[in-house]
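Peer 1: This is model_22.cif, which holds mmCIF, C-alpha atoms:
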data_query
loop_
_atom_site.label_atom_id
_atom_site.label_comp_id
_atom_site.auth_asym_id
_atom_site.auth_seq_id
_atom_site.Cartn_x
_atom_site.Cartn_y
_atom_site.Cartn_z
CA MET A 10 172.94 61.69 -159.48
CA SER A 11 170.91 64.08 -157.44
CA ALA A 12 168.90 61.22 -156.02
CA THR A 13 172.09 59.50 -154.95
CA ALA A 14 173.34 62.68 -153.17
CA LEU A 15 169.99 63.13 -151.44
CA ALA A 16 170.03 59.57 -150.22
CA GLN A 17 173.43 60.13 -148.59
CA GLU A 18 172.28 63.26 -146.56
CA LYS A 19 171.28 62.71 -142.89
CA VAL A 20 168.98 65.81 -142.56
CA TRP A 21 165.74 64.02 -142.97
CA VAL A 22 166.86 61.01 -141.07
CA GLU A 23 167.75 63.09 -137.86
CA LYS A 24 164.74 65.46 -138.05
CA PRO A 25 163.11 64.05 -134.91
CA SER A 26 166.25 64.92 -132.92
CA TYR A 27 166.18 68.46 -134.22
CA ASP A 28 162.48 68.81 -133.36
CA LYS A 29 163.12 67.58 -129.81
CA ALA A 30 166.01 70.02 -129.33
CA GLU A 31 163.86 72.88 -130.55
CA CYS A 32 161.10 71.96 -128.08
CA LEU A 33 163.60 71.87 -125.23
CA PHE A 34 164.90 75.30 -126.22
CA HIS A 35 161.43 76.87 -126.20
CA GLU A 36 160.56 75.23 -122.86
CA ARG A 37 163.71 76.62 -121.24
CA ALA A 38 163.04 80.07 -122.71
CA ALA A 39 159.50 80.00 -121.31
CA LYS A 40 160.81 79.01 -117.86
CA MET A 41 163.29 81.91 -117.89
CA VAL A 42 160.50 84.38 -118.76
CA GLY A 43 158.38 83.00 -115.90
CA ILE A 44 161.22 83.33 -113.42
CA GLU A 45 161.81 86.97 -114.41
CA ALA A 46 158.10 87.70 -114.10
CA MET A 47 157.97 86.15 -110.63
CA ALA A 48 160.94 88.21 -109.54
CA LYS A 49 159.11 91.40 -110.46
CA VAL A 50 156.00 90.49 -108.44
CA PRO A 51 156.44 91.61 -104.76
CA SER A 52 156.37 88.91 -102.17
CA SER A 53 153.67 88.63 -99.56
CA ASP A 54 156.19 89.46 -96.80
CA ASN A 55 157.13 92.77 -98.42
CA VAL A 56 153.48 93.70 -98.91
CA SER A 57 152.59 92.95 -95.30
CA SER A 58 155.52 94.94 -93.94
CA ARG A 59 154.60 97.89 -96.14
CA VAL A 60 151.00 97.75 -94.95
CA THR A 61 152.17 97.65 -91.32
CA PHE A 62 154.40 100.70 -91.86
CA LEU A 63 151.58 102.67 -93.51
CA GLU A 64 149.16 101.81 -90.68
CA LYS A 65 151.66 102.96 -88.07
CA GLU A 66 152.32 106.20 -89.97
CA ASN A 67 148.57 106.78 -90.26
CA GLU A 68 148.15 106.36 -86.49
CA GLU A 69 150.92 108.89 -85.82
CA LEU A 70 149.31 111.39 -88.18
CA LYS A 71 145.96 110.94 -86.42
CA THR A 72 147.61 111.56 -83.03
CA ARG A 73 149.33 114.72 -84.24
CA MET A 74 146.12 115.96 -85.83
CA GLN A 75 144.26 115.50 -82.54
CA GLU A 76 146.96 117.48 -80.70
CA ILE A 77 146.72 120.29 -83.26
CA VAL A 78 142.92 120.37 -82.93
CA LYS A 79 143.20 120.62 -79.12
CA ARG A 80 145.71 123.50 -79.37
CA VAL A 81 143.49 125.37 -81.81
CA GLU A 82 140.50 124.94 -79.49
CA LYS A 83 142.54 126.30 -76.55
CA LEU A 84 143.69 129.26 -78.63
CA GLU A 85 140.14 130.04 -79.74
CA LYS A 86 139.00 129.95 -76.10
CA ARG A 87 141.77 132.35 -75.04
CA VAL A 88 140.90 134.75 -77.86
CA THR A 89 137.22 134.63 -76.92
CA ASP A 90 138.00 135.32 -73.24
CA PHE A 91 140.29 138.21 -74.20
CA GLU A 92 137.63 139.77 -76.43
CA LYS A 93 135.07 139.49 -73.61
CA SER A 94 137.46 141.19 -71.17
CA GLN A 95 138.12 143.99 -73.67
CA ASN A 96 134.41 144.53 -74.19
CA THR A 97 133.95 144.67 -70.42
CA VAL A 98 136.66 147.34 -70.07
CA LYS A 99 135.18 149.38 -72.91
CA THR A 100 131.71 149.32 -71.34
CA THR A 101 132.81 150.10 -67.77
CA VAL A 102 135.35 152.87 -68.38
CA PRO A 103 132.96 155.34 -70.04
CA VAL A 104 130.53 154.94 -67.11
CA GLU A 105 133.26 155.93 -64.64
CA VAL A 106 134.25 158.83 -66.85
CA CYS A 107 130.66 160.00 -67.01
CA VAL A 108 130.39 159.84 -63.22
CA LEU A 109 133.59 161.90 -62.83
CA LYS A 110 132.41 164.46 -65.37
CA ALA A 111 129.03 164.72 -63.67
CA SER A 112 130.67 165.29 -60.27
CA LYS A 113 132.94 167.98 -61.74
CA VAL A 114 129.96 169.72 -63.33
CA GLU A 115 128.13 169.70 -60.00
CA GLU A 116 131.18 171.14 -58.21
CA LYS A 117 131.48 173.86 -60.85
CA GLU A 118 127.81 174.75 -60.49
CA GLU A 119 128.19 174.95 -56.71
CA GLU A 120 131.16 177.28 -57.11
CA GLU A 121 129.19 179.49 -59.49
CA ASP A 122 126.35 179.57 -57.01
CA ASP A 123 128.75 180.78 -54.32
CA VAL A 124 129.89 183.69 -56.49
CA ASP A 125 128.02 186.88 -55.93
CA LEU A 126 126.94 187.94 -59.43
CA PHE A 127 125.43 191.22 -58.22
CA GLY A 128 128.68 192.68 -56.84
CA SER A 129 128.01 192.51 -53.16
CA ASP A 130 131.75 193.24 -52.38
CA SER A 131 132.40 196.82 -51.41
CA GLU A 132 134.66 199.15 -53.41
CA GLY A 133 136.92 199.39 -50.38
CA GLU A 134 137.64 195.64 -50.50
CA ASP A 135 138.44 195.84 -54.25
CA ALA A 136 140.89 198.68 -53.68
CA GLU A 137 142.58 196.78 -50.86
CA ALA A 138 142.99 193.66 -53.06
CA ALA A 139 144.43 195.75 -55.90
CA LYS A 140 146.88 197.39 -53.50
CA ILE A 141 148.09 194.01 -52.18
CA ARG A 142 148.49 192.69 -55.73
CA GLU A 143 150.56 195.75 -56.76
CA GLU A 144 152.80 195.39 -53.69
CA ARG A 145 153.45 191.72 -54.42
CA LEU A 146 154.18 192.50 -58.07
CA ALA A 147 156.63 195.21 -57.13
CA ALA A 148 158.40 192.92 -54.65
CA TYR A 149 158.69 190.21 -57.32
CA ASN A 150 160.17 192.64 -59.87
CA ALA A 151 162.64 193.94 -57.32
CA LYS A 152 163.75 190.42 -56.41
CA LYS A 153 164.09 189.50 -60.07
CA SER A 154 166.20 192.57 -60.84
CA LYS A 155 168.70 191.65 -58.11
CA LYS A 156 169.51 188.30 -59.73
CA PRO A 157 172.77 188.45 -61.69
CA ALA A 158 172.35 188.04 -65.42
CA LEU A 159 173.79 184.84 -66.83
CA ILE A 160 176.85 185.63 -68.98
CA ALA A 161 177.57 183.22 -71.82
CA LYS A 162 181.30 182.48 -72.17
CA SER A 163 183.45 180.29 -74.40
CA ASN A 164 186.82 178.66 -73.86
CA ILE A 165 188.91 178.73 -77.07
CA ILE A 166 192.27 177.14 -77.91
CA MET A 167 193.97 178.71 -80.93
CA ASP A 168 196.89 177.45 -83.04
CA VAL A 169 199.05 180.39 -84.21
CA LYS A 170 201.51 179.28 -86.92
CA PRO A 171 204.72 181.21 -87.76
CA TRP A 172 206.31 181.77 -91.18
CA ASP A 173 209.40 179.62 -90.59
CA ASP A 174 211.71 178.19 -87.94
CA GLU A 175 213.48 181.52 -87.54
CA THR A 176 210.38 183.29 -86.15
CA ASP A 177 210.78 184.50 -82.57
CA MET A 178 207.97 182.59 -80.83
CA LYS A 179 208.31 184.51 -77.54
CA ALA A 180 207.86 187.79 -79.39
CA MET A 181 204.87 186.28 -81.25
CA GLU A 182 203.20 185.33 -77.94
CA THR A 183 203.85 188.83 -76.58
CA GLU A 184 202.24 190.44 -79.62
CA VAL A 185 199.21 188.14 -79.38
CA ARG A 186 198.67 188.96 -75.71
CA LYS A 187 198.75 192.67 -76.57
CA ILE A 188 195.28 192.21 -78.08
CA VAL A 189 193.12 193.47 -75.22
CA THR A 190 189.39 194.17 -75.15
CA ASP A 191 186.45 193.96 -72.75
CA GLY A 192 185.34 190.32 -72.34
CA LEU A 193 188.67 188.77 -73.41
CA LEU A 194 190.94 186.90 -70.98
CA TRP A 195 194.12 185.19 -72.21
CA GLY A 196 195.15 181.89 -70.61
CA ALA A 197 198.07 179.47 -70.80
CA ALA A 198 200.23 179.02 -73.91
CA LYS A 199 202.74 176.44 -75.12
CA LEU A 200 204.84 175.62 -78.17
CA VAL A 201 203.84 172.52 -80.16
CA PRO A 202 206.26 171.06 -82.75
CA LEU A 203 205.06 170.93 -86.35
CA ALA A 204 207.86 169.78 -88.68
CA TYR A 205 211.44 170.60 -89.72
CA GLY A 206 212.09 172.39 -86.43
CA ILE A 207 209.04 174.67 -86.78
CA HIS A 208 206.75 175.11 -83.76
CA LYS A 209 203.31 176.60 -83.46
CA LEU A 210 201.98 178.68 -80.58
CA GLN A 211 198.97 177.07 -78.92
CA ILE A 212 197.27 179.64 -76.70
CA SER A 213 193.96 179.53 -74.82
CA CYS A 214 191.53 182.29 -73.95
CA VAL A 215 188.08 182.83 -72.45
CA VAL A 216 185.72 185.26 -74.17
CA GLU A 217 182.27 186.61 -73.39
CA ASP A 218 180.10 185.70 -76.35
CA ASP A 219 178.14 188.96 -76.33
CA LYS A 220 181.27 191.13 -76.30
CA VAL A 221 183.97 189.32 -78.31
CA SER A 222 183.55 187.80 -81.76
CA ILE A 223 185.73 184.83 -82.71
CA ASP A 224 186.09 186.15 -86.25
CA TRP A 225 187.22 189.53 -84.92
CA LEU A 226 189.80 187.93 -82.62
CA THR A 227 191.16 185.75 -85.46
CA GLU A 228 191.51 188.77 -87.73
CA GLN A 229 193.35 190.71 -85.02
CA ILE A 230 195.91 187.92 -84.62
CA GLN A 231 196.38 187.52 -88.39
CA GLU A 232 197.18 191.24 -88.64
CA ILE A 233 200.44 190.51 -86.79
CA GLU A 234 201.99 189.78 -90.19
CA ASP A 235 205.62 189.97 -89.06
CA PHE A 236 205.20 186.80 -86.98
CA VAL A 237 201.88 185.11 -87.87
CA GLN A 238 201.37 183.07 -91.03
CA SER A 239 197.89 181.63 -90.14
CA VAL A 240 195.49 181.01 -87.25
CA ASP A 241 193.32 177.92 -86.60
CA ILE A 242 190.74 177.12 -83.93
CA ALA A 243 191.96 173.94 -82.21
CA ALA A 244 189.13 173.67 -79.65
CA PHE A 245 185.93 175.56 -78.84
CA ASN A 246 183.87 174.86 -75.70
CA LYS A 247 181.07 176.70 -73.93
CA VAL A 248 181.82 177.57 -70.32
#
Spit out the file's structure as structure tokens when you get a sec.
Peer 2:
Amino acid sequence: MSATALAQEKVWVEKPSYDKAECLFHERAAKMVGIEAMAKVPSSDNVSSRVTFLEKENEELKTRMQEIVKRVEKLEKRVTDFEKSQNTVKTTVPVEVCVLKASKVEEKEEEEDDVDLFGSDSEGEDAEAAKIREERLAAYNAKKSKKPALIAKSNIIMDVKPWDDETDMKAMETEVRKIVTDGLLWGAAKLVPLAYGIHKLQISCVVEDDKVSIDWLTEQIQEIEDFVQSVDIAAFNKV
């Protein structure tokens, strides 16, 4: 029965067809692999263009390198010339200085030779020179004493603040101006608004620094307690 079934199968009868199909499959697979390999290999045109580009780039680099070498050589020459000029200055200047010093020494020696070391001048000439020197000194002192001494002065602007808006500002200014002392000169005054109808008295004065102290003047104004609540220095300038 098995022999009958085997005789009816076509597997062994069509084996040559199967073998041929398998060969065709492997041939086509091999061709595909070859095509892929050829695609990966660069063409001769690409290689030649790449070589041309590299040669051109190499020439440009050579040209730039030559320019750099020339610039370095010029710079080295300039540095060498500068160093030579500096050495020349350093060697020539001391010689000139030595000549000047030598000439000064000779002049000094000549002056010392001209001086009479043994006191050949008479006592009468010494007394006359001393008299002239004393007269000139006295005239200088007299001229100096006639010059007026420089007096240091300061211009001060003071802000005098009242207690409230009911303070009589005219009376406050009158009381402030009653402060009188040597070296104090009161100037102009005006009312400056503060807030809520309250004004402050801004008054200027000129004082001699050696005679009037700012602290003393501030204390004198603050002692007017019926009118003055505080005192501030608004401006201070040397005259």
Peer 1: Just how far from CA of Cys214 (chain A) is CA of Leu226 (chain A), in Å to one decimal?
Peer 2: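 Taking CA of Leu226 (chain A) and CA of Cys214 (chain A), their separation equals 10.5 Å.
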Peer 1: Report as a list in words the residues that result from applying the PyMOL selection byres ((chain A and resi 165) around 8) to the structure here.
Peer 2: Ser163, Asn164, Ile166, Met167, Ser213, Cys214, Val215, Val216, Ile242, Ala243, Ala244, Phe245 and Asn246 of chain A
Peer 1: Kindly give the distance, in Å, that separates CA of Glu182 (chain A) and CA of Gln238 (chain A), rounded to a single decimal.
Peer 2: 13.4 Å
Peer 1: Once the PyMOL selection byres ((chain A and resi 174) around 8) has been evaluated on this model, what residues remain selected, and can you format them as a PyMOL selection string?
Peer 2: chain A and resi 171-173+175-176+205-208
Peer 1: Show me as a PDB file with C-alpha atoms, keeping the file's coordinate frame the residues that reach within 6 Å of (206.2, 186.1, -84.1), counting all atoms listed in the file and using the file's own coordinates.
Peer 2:
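The resulting point-v1.pdb:
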ATOM      1  CA  THR A 176     210.380 183.290 -86.150  1.00  0.00           C
ATOM      2  CA  ASP A 177     210.780 184.500 -82.570  1.00  0.00           C
ATOM      3  CA  MET A 178     207.970 182.590 -80.830  1.00  0.00           C
ATOM      4  CA  ALA A 180     207.860 187.790 -79.390  1.00  0.00           C
ATOM      5  CA  MET A 181     204.870 186.280 -81.250  1.00  0.00           C
ATOM      6  CA  PHE A 236     205.200 186.800 -86.980  1.00  0.00           C
ATOM      7  CA  VAL A 237     201.880 185.110 -87.870  1.00  0.00           C
TER       8      VAL A 237
END
Peer 1: To one decimal in Å, tell me the separation between CA of Asp224 (chain A) and CA of Gly192 (chain A).
Peer 2: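 Taking CA of Asp224 (chain A) and CA of Gly192 (chain A), their separation equals 14.5 Å.
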Peer 1: Give the answer as one residue: which of A:Val169, A:Val201, A:Ala136, A:Ile188 has the shortest atom-to-atom distance to Asp241 (chain A), using all atoms listed in the file?
Peer 2: A:Val169
Peer 1: Give the centre and edge lengths of an axis-aligned box, in Å to one decimal, that holds all listed atoms of region 65-71 of chain A with 5 Å on each side, as lines of an AutoDock Vina configuration file.
Peer 2:
center_x = 149.1
center_y = 107.2
center_z = -88.0
size_x = 16.4
size_y = 18.4
size_z = 14.4
